[in-house]
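Visitor: Quick one: the structure is below, and I'll ask about it shortly.
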Amino acid sequence: MPELGDAEGFRRSALRLAGALIARLEVPDPSVVRNVDVATLQRAIRGSVIGSACRHGKCLLIPVGTSWMLLRFGMTGSLILDETGNVSRRFERLSIGTDRGWLRLVDRRRLGNVSLARTEPECAELIGALGPDALRIGNPEFIAQLRSSRGSIKSAMMDQQRIAGIGNFGSDEILWRARIRPDAPAASLSPAQWTSLHRATRSVMHLTARAGHTPRGRTWLTSVREDSRALCPRCSTCLCRSEVNGRTSVWCPECQPPSSLATRA
DNA sequence: GAGGTTGTTTAGAA
DNA sequence: CTTCTAAACAACCT
C-alpha cells in the first residue's frame, strides 16, 4: 500500500486520536520495534498523551508525551483506527490503546517498523537524510534535487534522499502524466519537461494525499498496471514494461516517446 | 508450483 | 564518489 498518499491517510487516522491518553501498548510482533526493546517503548509512552501526527515522505511521526514514535510501513503496512474493536486483527503487529480507541499497525509482510525517539536530535537522526517532502517541494528545489543525478529520472525520483515520498507506482504515474520515459537520463530533460514533471508530481501527490491512497480511477495508470496486457488509459496503445532500478516500470510507448523525439513536454 | 509484489538496507560490482 | 545489482526480509496473490 504505502507511498506518500497512503501515509497521509494513516496520518489522518492518527490525528483522530490526538489528545488521547495512552493506556496500553500491545506488541504481538516485537520484531517490528526497531531501535529499543518493547519494555522501553512501553515505559516511554504509557500514560502519555498523543500529539498531532506529522508525515515526511512515507514516514509517519507521532508525538507521544515528550517523545516521538516513528512508523514506516514497508510494502504492506497500514495504520488502522479501531474505535469499536470490530477491526480484523490479522497481521496485527503493534497496537496503541487509548481512552478513545486503538491505533493498530497491521502489516502482512512485516517490512514496516516502529522506532522511538526521545529527543529532537534522535528524531532527526531517525528521519535521516530524507529529502524534501514530495507534496510540498517547490519547483526550483524539485529540479535541483533531481537534475544532479547521473542515472535515470525514475531512479532519481524514487531516491528518498533526493525527494521523500515517491515510490514505484507513484513515479510511473507521474512520468506517464508528464509524458517522459522512466529510463530517460535525468540530465537529459528539457526545461519544459522539468516543468511538466513537477506539475505532474504535485498533482499526483495532491490527489493521492487527499484520497489517502492511490486512486484507481479510469484516468490513472495505477488502475491498469497490474494487468500484463493492459492498454494505455489515454491512447489505448499496449503498455510496455521494463525494469528500472530493479523495479517493474509500466509506461506507454506512444505517450512517452524517446527523448530524441520529444517535441514539447 | 512459479513468479510477482506500492520498501528499505546491505554488500559488492562497475 | 555515484550508480546499479542482487539479495534479504515475509507472506500473500495470480
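Please note that chains go A, B, ... in the order of the C-alpha cells, that every chain numbers its residues from 1, and that ligands are numbered from 1 in the order shown.
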Using only C-alpha atoms (C1' of nucleotides), which protein or nucleic acid residues come within 12 Å of DT14 of chain C? Drop anything in the same chain fewer than 5 positions from it, and give the result as a PyMOL selection string.
Guide: (chain A and resi 226-228) or (chain B and resi 2-5)
Visitor: Restricting it to all heavy atoms, dump the selection as a compact mmCIF listing (two decimals), in the first residue's frame.
Guide:
```
# COMPACT_ATOMS: atom_id res chain seq x y z
N GLU A 226 -1.49 -3.60 -13.21
CA GLU A 226 -1.29 -4.98 -12.80
C GLU A 226 -1.70 -5.98 -13.87
O GLU A 226 -1.31 -7.14 -13.82
CB GLU A 226 -2.03 -5.25 -11.48
CG GLU A 226 -1.07 -5.27 -10.30
CD GLU A 226 -1.49 -4.41 -9.13
OE1 GLU A 226 -2.68 -4.08 -9.02
OE2 GLU A 226 -0.60 -4.04 -8.35
N ASP A 227 -2.44 -5.51 -14.86
CA ASP A 227 -2.84 -6.37 -15.97
C ASP A 227 -1.72 -6.37 -17.02
O ASP A 227 -1.42 -5.34 -17.61
CB ASP A 227 -4.16 -5.85 -16.56
CG ASP A 227 -4.57 -6.62 -17.80
OD1 ASP A 227 -3.82 -7.53 -18.21
OD2 ASP A 227 -5.62 -6.30 -18.35
N SER A 228 -1.14 -7.54 -17.28
CA SER A 228 0.04 -7.58 -18.13
C SER A 228 -0.27 -7.23 -19.59
O SER A 228 0.63 -6.94 -20.36
CB SER A 228 0.69 -8.97 -18.04
OG SER A 228 -0.23 -9.93 -18.51
P DA B 2 8.30 -24.61 -8.43
OP1 DA B 2 9.47 -25.31 -8.95
OP2 DA B 2 8.27 -24.16 -7.03
O5' DA B 2 8.01 -23.34 -9.37
C5' DA B 2 7.51 -23.54 -10.70
C4' DA B 2 7.29 -22.20 -11.34
O4' DA B 2 6.04 -21.65 -10.88
C3' DA B 2 8.37 -21.16 -11.01
O3' DA B 2 8.60 -20.37 -12.16
C2' DA B 2 7.74 -20.36 -9.87
C1' DA B 2 6.26 -20.39 -10.24
N9 DA B 2 5.35 -20.34 -9.10
C8 DA B 2 5.48 -20.97 -7.89
N7 DA B 2 4.49 -20.74 -7.07
C5 DA B 2 3.65 -19.90 -7.78
C6 DA B 2 2.43 -19.28 -7.46
N6 DA B 2 1.81 -19.45 -6.30
N1 DA B 2 1.86 -18.50 -8.40
C2 DA B 2 2.50 -18.34 -9.58
N3 DA B 2 3.64 -18.86 -10.00
C4 DA B 2 4.18 -19.64 -9.04
P DG B 3 9.86 -19.36 -12.12
OP1 DG B 3 10.54 -19.45 -13.42
OP2 DG B 3 10.60 -19.52 -10.87
O5' DG B 3 9.08 -17.96 -12.08
C5' DG B 3 7.94 -17.76 -12.92
C4' DG B 3 7.24 -16.49 -12.51
O4' DG B 3 6.40 -16.76 -11.36
C3' DG B 3 8.20 -15.38 -12.08
O3' DG B 3 7.77 -14.17 -12.66
C2' DG B 3 8.07 -15.34 -10.56
C1' DG B 3 6.61 -15.76 -10.39
N9 DG B 3 6.29 -16.31 -9.09
C8 DG B 3 7.05 -17.16 -8.32
N7 DG B 3 6.48 -17.48 -7.18
C5 DG B 3 5.28 -16.78 -7.20
C6 DG B 3 4.24 -16.71 -6.23
O6 DG B 3 4.18 -17.29 -5.14
N1 DG B 3 3.21 -15.88 -6.65
C2 DG B 3 3.18 -15.20 -7.83
N2 DG B 3 2.10 -14.45 -8.05
N3 DG B 3 4.14 -15.25 -8.74
C4 DG B 3 5.16 -16.05 -8.36
P DG B 4 8.73 -12.89 -12.59
OP1 DG B 4 8.91 -12.41 -13.96
OP2 DG B 4 9.90 -13.18 -11.73
O5' DG B 4 7.81 -11.85 -11.80
C5' DG B 4 6.49 -11.59 -12.26
C4' DG B 4 5.72 -10.96 -11.14
O4' DG B 4 5.47 -11.95 -10.13
C3' DG B 4 6.48 -9.83 -10.45
O3' DG B 4 5.86 -8.57 -10.71
C2' DG B 4 6.43 -10.16 -8.97
C1' DG B 4 5.44 -11.30 -8.88
N9 DG B 4 5.81 -12.25 -7.84
C8 DG B 4 6.92 -13.04 -7.80
N7 DG B 4 6.99 -13.77 -6.72
C5 DG B 4 5.85 -13.44 -6.01
C6 DG B 4 5.37 -13.90 -4.76
O6 DG B 4 5.89 -14.73 -4.01
N1 DG B 4 4.17 -13.30 -4.42
C2 DG B 4 3.51 -12.37 -5.17
N2 DG B 4 2.37 -11.89 -4.69
N3 DG B 4 3.93 -11.92 -6.34
C4 DG B 4 5.11 -12.51 -6.69
P DT B 5 6.61 -7.25 -10.25
OP1 DT B 5 6.14 -6.18 -11.17
OP2 DT B 5 8.05 -7.51 -10.08
O5' DT B 5 6.02 -6.95 -8.80
C5' DT B 5 4.64 -6.63 -8.63
C4' DT B 5 4.37 -6.46 -7.15
O4' DT B 5 4.43 -7.74 -6.53
C3' DT B 5 5.42 -5.63 -6.42
O3' DT B 5 4.99 -4.28 -6.36
C2' DT B 5 5.50 -6.26 -5.03
C1' DT B 5 4.79 -7.58 -5.18
N1 DT B 5 5.64 -8.75 -4.82
C2 DT B 5 5.30 -9.49 -3.72
O2 DT B 5 4.33 -9.25 -3.02
N3 DT B 5 6.14 -10.54 -3.45
C4 DT B 5 7.26 -10.91 -4.18
O4 DT B 5 7.94 -11.87 -3.84
C5 DT B 5 7.55 -10.08 -5.32
C7 DT B 5 8.74 -10.39 -6.17
C6 DT B 5 6.73 -9.06 -5.59
```
Visitor: Neighbouring residues of segment 8-11 of chain B were defined as those with any atom within 10 Å, considering only C-alpha atoms (C1' of nucleotides); residues of the same chain fewer than 5 positions away were excluded. Please report them as an mmCIF file with N, CA, C and O atoms (P, O5', C5', C4', C3', O3' and C1' of nucleotides), in the first residue's frame.
Guide:
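Listed below is the output, selection_8.cif:
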```
data_model
loop_
_atom_site.group_PDB
_atom_site.id
_atom_site.type_symbol
_atom_site.label_atom_id
_atom_site.label_comp_id
_atom_site.auth_asym_id
_atom_site.auth_seq_id
_atom_site.Cartn_x
_atom_site.Cartn_y
_atom_site.Cartn_z
ATOM 1 N N ARG A 72 7.288 3.335 9.883
ATOM 2 C CA ARG A 72 7.489 3.097 8.452
ATOM 3 C C ARG A 72 6.652 1.890 8.082
ATOM 4 O O ARG A 72 6.540 0.953 8.870
ATOM 5 N N GLY A 74 6.736 -0.086 5.066
ATOM 6 C CA GLY A 74 7.174 -1.116 4.125
ATOM 7 C C GLY A 74 6.224 -1.211 2.948
ATOM 8 O O GLY A 74 5.666 -0.215 2.512
ATOM 9 N N MET A 75 6.013 -2.402 2.436
ATOM 10 C CA MET A 75 5.149 -2.552 1.259
ATOM 11 C C MET A 75 3.699 -2.815 1.627
ATOM 12 O O MET A 75 2.804 -2.574 0.835
ATOM 13 N N LEU A 111 7.493 -5.721 6.641
ATOM 14 C CA LEU A 111 8.626 -4.913 6.207
ATOM 15 C C LEU A 111 8.560 -3.532 6.854
ATOM 16 O O LEU A 111 9.477 -2.732 6.710
ATOM 17 N N GLY A 112 7.474 -3.243 7.531
ATOM 18 C CA GLY A 112 7.345 -1.985 8.246
ATOM 19 C C GLY A 112 8.001 -2.085 9.615
ATOM 20 O O GLY A 112 8.336 -3.175 10.079
ATOM 21 P P DA C 6 20.589 -8.303 -11.221
ATOM 22 O "O5'" DA C 6 20.843 -8.944 -9.786
ATOM 23 C "C5'" DA C 6 22.158 -9.338 -9.428
ATOM 24 C "C4'" DA C 6 22.147 -9.803 -7.991
ATOM 25 C "C3'" DA C 6 20.910 -10.624 -7.617
ATOM 26 O "O3'" DA C 6 21.349 -11.798 -6.954
ATOM 27 C "C1'" DA C 6 21.171 -8.797 -6.116
ATOM 28 P P DA C 7 20.310 -12.926 -6.547
ATOM 29 O "O5'" DA C 7 20.245 -12.702 -4.969
ATOM 30 C "C5'" DA C 7 21.453 -12.488 -4.259
ATOM 31 C "C4'" DA C 7 21.139 -12.079 -2.854
ATOM 32 C "C3'" DA C 7 19.943 -12.822 -2.250
ATOM 33 O "O3'" DA C 7 20.325 -13.297 -0.977
ATOM 34 C "C1'" DA C 7 19.667 -10.482 -2.002
ATOM 35 P P DA C 8 19.510 -14.507 -0.320
ATOM 36 O "O5'" DA C 8 18.836 -13.783 0.924
ATOM 37 C "C5'" DA C 8 19.669 -13.018 1.797
ATOM 38 C "C4'" DA C 8 18.794 -12.074 2.564
ATOM 39 C "C3'" DA C 8 17.472 -12.689 3.030
ATOM 40 O "O3'" DA C 8 17.486 -12.829 4.441
ATOM 41 C "C1'" DA C 8 17.193 -10.477 2.162
ATOM 42 P P DC C 9 16.497 -13.815 5.134
ATOM 43 O "O5'" DC C 9 15.312 -12.842 5.577
ATOM 44 C "C5'" DC C 9 15.593 -11.748 6.430
ATOM 45 C "C4'" DC C 9 14.474 -10.771 6.335
ATOM 46 C "C3'" DC C 9 13.081 -11.413 6.324
ATOM 47 O "O3'" DC C 9 12.584 -11.465 7.640
ATOM 48 C "C1'" DC C 9 13.278 -9.520 4.841
#
```
Visitor: Please identify all residues of chain C having at least one atom at most 10 Å from any atom of chain A, considering only C-alpha atoms (C1' of nucleotides), and return them as an NGL selection string.
Guide: :C and (2-6 or 9-12)
Visitor: Write the residues of the preceding selection, restricted to N, CA and C atoms (P, O5', C5', C4', C3', O3' and C1' of nucleotides), as a PDB file, in the first residue's frame.
Guide:
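Output (part_13.pdb):
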```
ATOM      1  P    DT C   2      28.657  11.334  -4.009  1.00  0.00           P
ATOM      2  O5'  DT C   2      28.245  10.466  -5.280  1.00  0.00           O
ATOM      3  C5'  DT C   2      28.342  11.036  -6.573  1.00  0.00           C
ATOM      4  C4'  DT C   2      27.867  10.029  -7.589  1.00  0.00           C
ATOM      5  C3'  DT C   2      26.441   9.526  -7.352  1.00  0.00           C
ATOM      6  O3'  DT C   2      25.723   9.699  -8.561  1.00  0.00           O
ATOM      7  C1'  DT C   2      27.939   7.693  -7.628  1.00  0.00           C
ATOM      8  P    DT C   3      24.194   9.514  -8.617  1.00  0.00           P
ATOM      9  O5'  DT C   3      24.065   8.034  -9.194  1.00  0.00           O
ATOM     10  C5'  DT C   3      24.683   7.714 -10.440  1.00  0.00           C
ATOM     11  C4'  DT C   3      24.645   6.216 -10.645  1.00  0.00           C
ATOM     12  C3'  DT C   3      23.284   5.587 -10.328  1.00  0.00           C
ATOM     13  O3'  DT C   3      22.702   5.187 -11.553  1.00  0.00           O
ATOM     14  C1'  DT C   3      25.118   4.275  -9.516  1.00  0.00           C
ATOM     15  P    DC C   4      21.339   4.430 -11.631  1.00  0.00           P
ATOM     16  O5'  DC C   4      21.810   2.920 -11.558  1.00  0.00           O
ATOM     17  C5'  DC C   4      22.717   2.424 -12.538  1.00  0.00           C
ATOM     18  C4'  DC C   4      23.052   0.979 -12.216  1.00  0.00           C
ATOM     19  C3'  DC C   4      21.815   0.106 -11.971  1.00  0.00           C
ATOM     20  O3'  DC C   4      21.880  -1.024 -12.824  1.00  0.00           O
ATOM     21  C1'  DC C   4      23.404  -0.146 -10.213  1.00  0.00           C
ATOM     22  P    DT C   5      20.698  -2.085 -12.829  1.00  0.00           P
ATOM     23  O5'  DT C   5      21.249  -3.242 -11.895  1.00  0.00           O
ATOM     24  C5'  DT C   5      22.438  -3.930 -12.263  1.00  0.00           C
ATOM     25  C4'  DT C   5      22.699  -5.023 -11.247  1.00  0.00           C
ATOM     26  C3'  DT C   5      21.461  -5.863 -10.920  1.00  0.00           C
ATOM     27  O3'  DT C   5      21.730  -7.204 -11.292  1.00  0.00           O
ATOM     28  C1'  DT C   5      22.563  -5.112  -8.928  1.00  0.00           C
ATOM     29  P    DA C   6      20.589  -8.303 -11.221  1.00  0.00           P
ATOM     30  O5'  DA C   6      20.843  -8.944  -9.786  1.00  0.00           O
ATOM     31  C5'  DA C   6      22.158  -9.338  -9.428  1.00  0.00           C
ATOM     32  C4'  DA C   6      22.147  -9.803  -7.991  1.00  0.00           C
ATOM     33  C3'  DA C   6      20.910 -10.624  -7.617  1.00  0.00           C
ATOM     34  O3'  DA C   6      21.349 -11.798  -6.954  1.00  0.00           O
ATOM     35  C1'  DA C   6      21.171  -8.797  -6.116  1.00  0.00           C
ATOM     36  P    DC C   9      16.497 -13.815   5.134  1.00  0.00           P
ATOM     37  O5'  DC C   9      15.312 -12.842   5.577  1.00  0.00           O
ATOM     38  C5'  DC C   9      15.593 -11.748   6.430  1.00  0.00           C
ATOM     39  C4'  DC C   9      14.474 -10.771   6.335  1.00  0.00           C
ATOM     40  C3'  DC C   9      13.081 -11.413   6.324  1.00  0.00           C
ATOM     41  O3'  DC C   9      12.584 -11.465   7.640  1.00  0.00           O
ATOM     42  C1'  DC C   9      13.278  -9.520   4.841  1.00  0.00           C
ATOM     43  P    DA C  10      11.885 -12.815   8.116  1.00  0.00           P
ATOM     44  O5'  DA C  10      10.486 -12.714   7.372  1.00  0.00           O
ATOM     45  C5'  DA C  10       9.639 -11.638   7.660  1.00  0.00           C
ATOM     46  C4'  DA C  10       8.399 -11.794   6.838  1.00  0.00           C
ATOM     47  C3'  DA C  10       7.819 -13.203   6.868  1.00  0.00           C
ATOM     48  O3'  DA C  10       6.534 -13.115   7.409  1.00  0.00           O
ATOM     49  C1'  DA C  10       7.947 -12.385   4.647  1.00  0.00           C
ATOM     50  P    DA C  11       5.741 -14.458   7.742  1.00  0.00           P
ATOM     51  O5'  DA C  11       4.592 -14.365   6.636  1.00  0.00           O
ATOM     52  C5'  DA C  11       3.851 -13.169   6.543  1.00  0.00           C
ATOM     53  C4'  DA C  11       3.071 -13.215   5.263  1.00  0.00           C
ATOM     54  C3'  DA C  11       2.387 -14.561   5.009  1.00  0.00           C
ATOM     55  O3'  DA C  11       1.069 -14.303   4.618  1.00  0.00           O
ATOM     56  C1'  DA C  11       3.552 -13.874   3.122  1.00  0.00           C
ATOM     57  P    DC C  12      -0.060 -15.368   4.772  1.00  0.00           P
ATOM     58  O5'  DC C  12      -0.974 -15.133   3.489  1.00  0.00           O
ATOM     59  C5'  DC C  12      -1.478 -13.828   3.281  1.00  0.00           C
ATOM     60  C4'  DC C  12      -1.139 -13.341   1.895  1.00  0.00           C
ATOM     61  C3'  DC C  12      -1.934 -13.977   0.771  1.00  0.00           C
ATOM     62  O3'  DC C  12      -3.129 -13.233   0.620  1.00  0.00           O
ATOM     63  C1'  DC C  12       0.314 -13.456   0.158  1.00  0.00           C
TER      64       DC C  12
END
```
Visitor: Contacts from chain A to chain B, 12 Å maximum, only C-alpha atoms (C1' of nucleotides): show me the residue list as a VMD selection string.
Guide: chain A and resid 1 to 7 58 to 59 72 to 78 109 to 113 158 to 160 165 to 173 213 to 214 222 225 to 228 247 to 248
Visitor: Can you list, as a compact mmCIF listing (two decimals) with all heavy atoms, in the first residue's frame, every residue of segment 53-86 of chain A that DSSP puts in strand (DSSP E)?
Guide:
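For reference, selection06.txt as written:
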```
# COMPACT_ATOMS: atom_id res chain seq x y z
N CYS A 54 2.70 13.99 12.25
CA CYS A 54 3.24 14.61 11.04
C CYS A 54 3.68 13.50 10.10
O CYS A 54 3.94 12.39 10.52
CB CYS A 54 4.50 15.43 11.29
SG CYS A 54 4.55 16.29 12.81
N ARG A 55 3.78 13.86 8.85
CA ARG A 55 4.26 12.92 7.86
C ARG A 55 5.41 13.55 7.10
O ARG A 55 5.39 14.73 6.78
CB ARG A 55 3.14 12.58 6.87
CG ARG A 55 3.52 11.60 5.78
CD ARG A 55 2.49 11.60 4.66
NE ARG A 55 2.24 12.94 4.16
CZ ARG A 55 3.09 13.61 3.41
NH1 ARG A 55 4.23 13.08 3.05
NH2 ARG A 55 2.79 14.83 3.01
N HIS A 56 6.46 12.77 6.87
CA HIS A 56 7.51 13.25 5.97
C HIS A 56 7.78 12.13 4.97
O HIS A 56 8.22 11.05 5.35
CB HIS A 56 8.78 13.62 6.73
CG HIS A 56 9.76 14.35 5.88
ND1 HIS A 56 9.85 15.72 5.83
CD2 HIS A 56 10.65 13.90 4.98
CE1 HIS A 56 10.78 16.08 4.95
NE2 HIS A 56 11.28 14.99 4.42
N CYS A 59 6.92 8.43 5.76
CA CYS A 59 7.22 8.18 7.16
C CYS A 59 6.24 8.95 8.06
O CYS A 59 5.92 10.09 7.80
CB CYS A 59 8.62 8.73 7.35
SG CYS A 59 9.44 8.11 8.73
N LEU A 60 5.73 8.29 9.09
CA LEU A 60 4.79 8.94 10.00
C LEU A 60 5.43 9.15 11.36
O LEU A 60 6.07 8.25 11.90
CB LEU A 60 3.53 8.08 10.14
CG LEU A 60 2.35 8.77 10.82
CD1 LEU A 60 1.84 9.91 9.96
CD2 LEU A 60 1.24 7.76 11.08
N LEU A 61 5.25 10.36 11.89
CA LEU A 61 5.86 10.74 13.15
C LEU A 61 4.75 11.12 14.12
O LEU A 61 4.02 12.07 13.89
CB LEU A 61 6.75 11.95 12.87
CG LEU A 61 7.99 12.20 13.71
CD1 LEU A 61 8.82 10.94 13.82
CD2 LEU A 61 8.79 13.32 13.08
N ILE A 62 4.62 10.33 15.20
CA ILE A 62 3.55 10.59 16.16
C ILE A 62 4.16 11.05 17.48
O ILE A 62 4.88 10.28 18.13
CB ILE A 62 2.71 9.32 16.41
CG1 ILE A 62 2.21 8.74 15.08
CG2 ILE A 62 1.53 9.63 17.33
CD1 ILE A 62 1.40 7.45 15.24
N PRO A 63 3.90 12.29 17.88
CA PRO A 63 4.39 12.76 19.18
C PRO A 63 3.63 12.03 20.28
O PRO A 63 2.40 11.93 20.23
CB PRO A 63 4.04 14.25 19.19
CG PRO A 63 3.68 14.60 17.79
CD PRO A 63 3.16 13.34 17.16
N VAL A 64 4.36 11.50 21.25
CA VAL A 64 3.72 10.87 22.42
C VAL A 64 4.42 11.41 23.65
O VAL A 64 5.58 11.09 23.89
CB VAL A 64 3.80 9.33 22.37
CG1 VAL A 64 2.75 8.76 21.42
CG2 VAL A 64 5.17 8.84 21.96
N SER A 67 8.21 12.30 23.75
CA SER A 67 8.94 11.51 22.75
C SER A 67 8.17 11.46 21.44
O SER A 67 7.11 12.06 21.30
CB SER A 67 9.15 10.09 23.27
OG SER A 67 9.89 10.09 24.46
N TRP A 68 8.72 10.72 20.49
CA TRP A 68 8.06 10.52 19.20
C TRP A 68 8.13 9.05 18.83
O TRP A 68 9.15 8.39 19.06
CB TRP A 68 8.74 11.31 18.10
CG TRP A 68 8.64 12.79 18.23
CD1 TRP A 68 7.71 13.60 17.66
CD2 TRP A 68 9.51 13.65 18.98
NE1 TRP A 68 7.94 14.92 18.03
CE2 TRP A 68 9.03 14.97 18.83
CE3 TRP A 68 10.64 13.43 19.78
CZ2 TRP A 68 9.65 16.06 19.44
CZ3 TRP A 68 11.25 14.52 20.38
CH2 TRP A 68 10.75 15.81 20.21
N MET A 69 7.06 8.57 18.21
CA MET A 69 7.11 7.25 17.58
C MET A 69 7.20 7.48 16.09
O MET A 69 6.44 8.28 15.53
CB MET A 69 5.86 6.44 17.91
CG MET A 69 5.84 5.93 19.33
SD MET A 69 4.31 5.04 19.66
CE MET A 69 4.67 3.48 18.86
N LEU A 70 8.13 6.77 15.47
CA LEU A 70 8.31 6.90 14.05
C LEU A 70 7.90 5.60 13.36
O LEU A 70 8.41 4.54 13.71
CB LEU A 70 9.78 7.23 13.78
CG LEU A 70 10.11 7.59 12.36
CD1 LEU A 70 11.11 8.74 12.36
CD2 LEU A 70 10.69 6.40 11.64
N LEU A 71 6.94 5.70 12.46
CA LEU A 71 6.41 4.50 11.80
C LEU A 71 6.77 4.48 10.32
O LEU A 71 6.57 5.48 9.62
CB LEU A 71 4.88 4.44 11.94
CG LEU A 71 4.29 3.96 13.27
CD1 LEU A 71 4.61 4.92 14.40
CD2 LEU A 71 2.79 3.79 13.15
N ARG A 72 7.29 3.34 9.88
CA ARG A 72 7.49 3.10 8.45
C ARG A 72 6.65 1.89 8.08
O ARG A 72 6.54 0.95 8.87
CB ARG A 72 8.96 2.84 8.14
CG ARG A 72 9.86 4.03 8.43
CD ARG A 72 11.31 3.66 8.13
NE ARG A 72 12.24 4.61 8.68
CZ ARG A 72 12.69 5.68 8.03
NH1 ARG A 72 12.30 5.91 6.79
NH2 ARG A 72 13.55 6.50 8.61
N GLY A 77 2.29 -2.42 5.04
CA GLY A 77 1.86 -1.93 6.34
C GLY A 77 0.72 -0.93 6.23
O GLY A 77 0.58 -0.24 5.24
N SER A 78 -0.12 -0.87 7.26
CA SER A 78 -1.09 0.21 7.33
C SER A 78 -1.41 0.49 8.79
O SER A 78 -1.16 -0.33 9.67
CB SER A 78 -2.36 -0.12 6.54
OG SER A 78 -2.95 -1.29 7.05
N LEU A 79 -1.94 1.67 9.02
CA LEU A 79 -2.28 2.08 10.37
C LEU A 79 -3.79 2.25 10.43
O LEU A 79 -4.37 3.05 9.69
CB LEU A 79 -1.59 3.41 10.71
CG LEU A 79 -1.70 3.84 12.17
CD1 LEU A 79 -0.92 2.88 13.06
CD2 LEU A 79 -1.17 5.26 12.34
N ILE A 80 -4.42 1.44 11.27
CA ILE A 80 -5.88 1.37 11.30
C ILE A 80 -6.39 1.97 12.60
O ILE A 80 -5.90 1.61 13.68
CB ILE A 80 -6.36 -0.09 11.24
CG1 ILE A 80 -5.67 -0.84 10.09
CG2 ILE A 80 -7.87 -0.16 11.13
CD1 ILE A 80 -6.17 -0.48 8.74
N LEU A 81 -7.35 2.87 12.47
CA LEU A 81 -8.01 3.39 13.66
C LEU A 81 -9.14 2.44 14.03
O LEU A 81 -10.02 2.16 13.21
CB LEU A 81 -8.57 4.79 13.37
CG LEU A 81 -9.40 5.43 14.48
CD1 LEU A 81 -8.53 5.67 15.72
CD2 LEU A 81 -10.01 6.73 14.01
N ASP A 82 -9.09 1.92 15.24
CA ASP A 82 -10.08 0.94 15.69
C ASP A 82 -10.81 1.50 16.91
O ASP A 82 -10.32 1.42 18.03
CB ASP A 82 -9.36 -0.38 16.02
CG ASP A 82 -10.32 -1.44 16.56
OD1 ASP A 82 -11.54 -1.21 16.56
OD2 ASP A 82 -9.81 -2.50 16.99
```
Visitor: One decimal, in Å: what's the spacing between atom CA of Ala129 of chain A and atom CA of Trp194 of chain A?
Guide: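 Pair atom CA of Ala129 of chain A / atom CA of Trp194 of chain A returns 23.7 Å.
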Visitor: Atom CA of Gly97 of chain A to atom CA of Ile22 of chain A: how many Å, to one decimal?
Guide: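 We find that atom CA of Gly97 of chain A and atom CA of Ile22 of chain A lie 5.8 Å from each other.
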Visitor: Please, which residues of segment 30-146 of chain A, numbered as in this document, come out helix (DSSP H, G or I) from DSSP, as JSON, numbers by chain?
Guide: {"A": [30, 31, 32, 38, 39, 40, 41, 42, 43, 44, 45, 120, 121, 122, 123, 124, 125, 126, 127, 139, 140, 141, 142, 143, 144, 145, 146]}
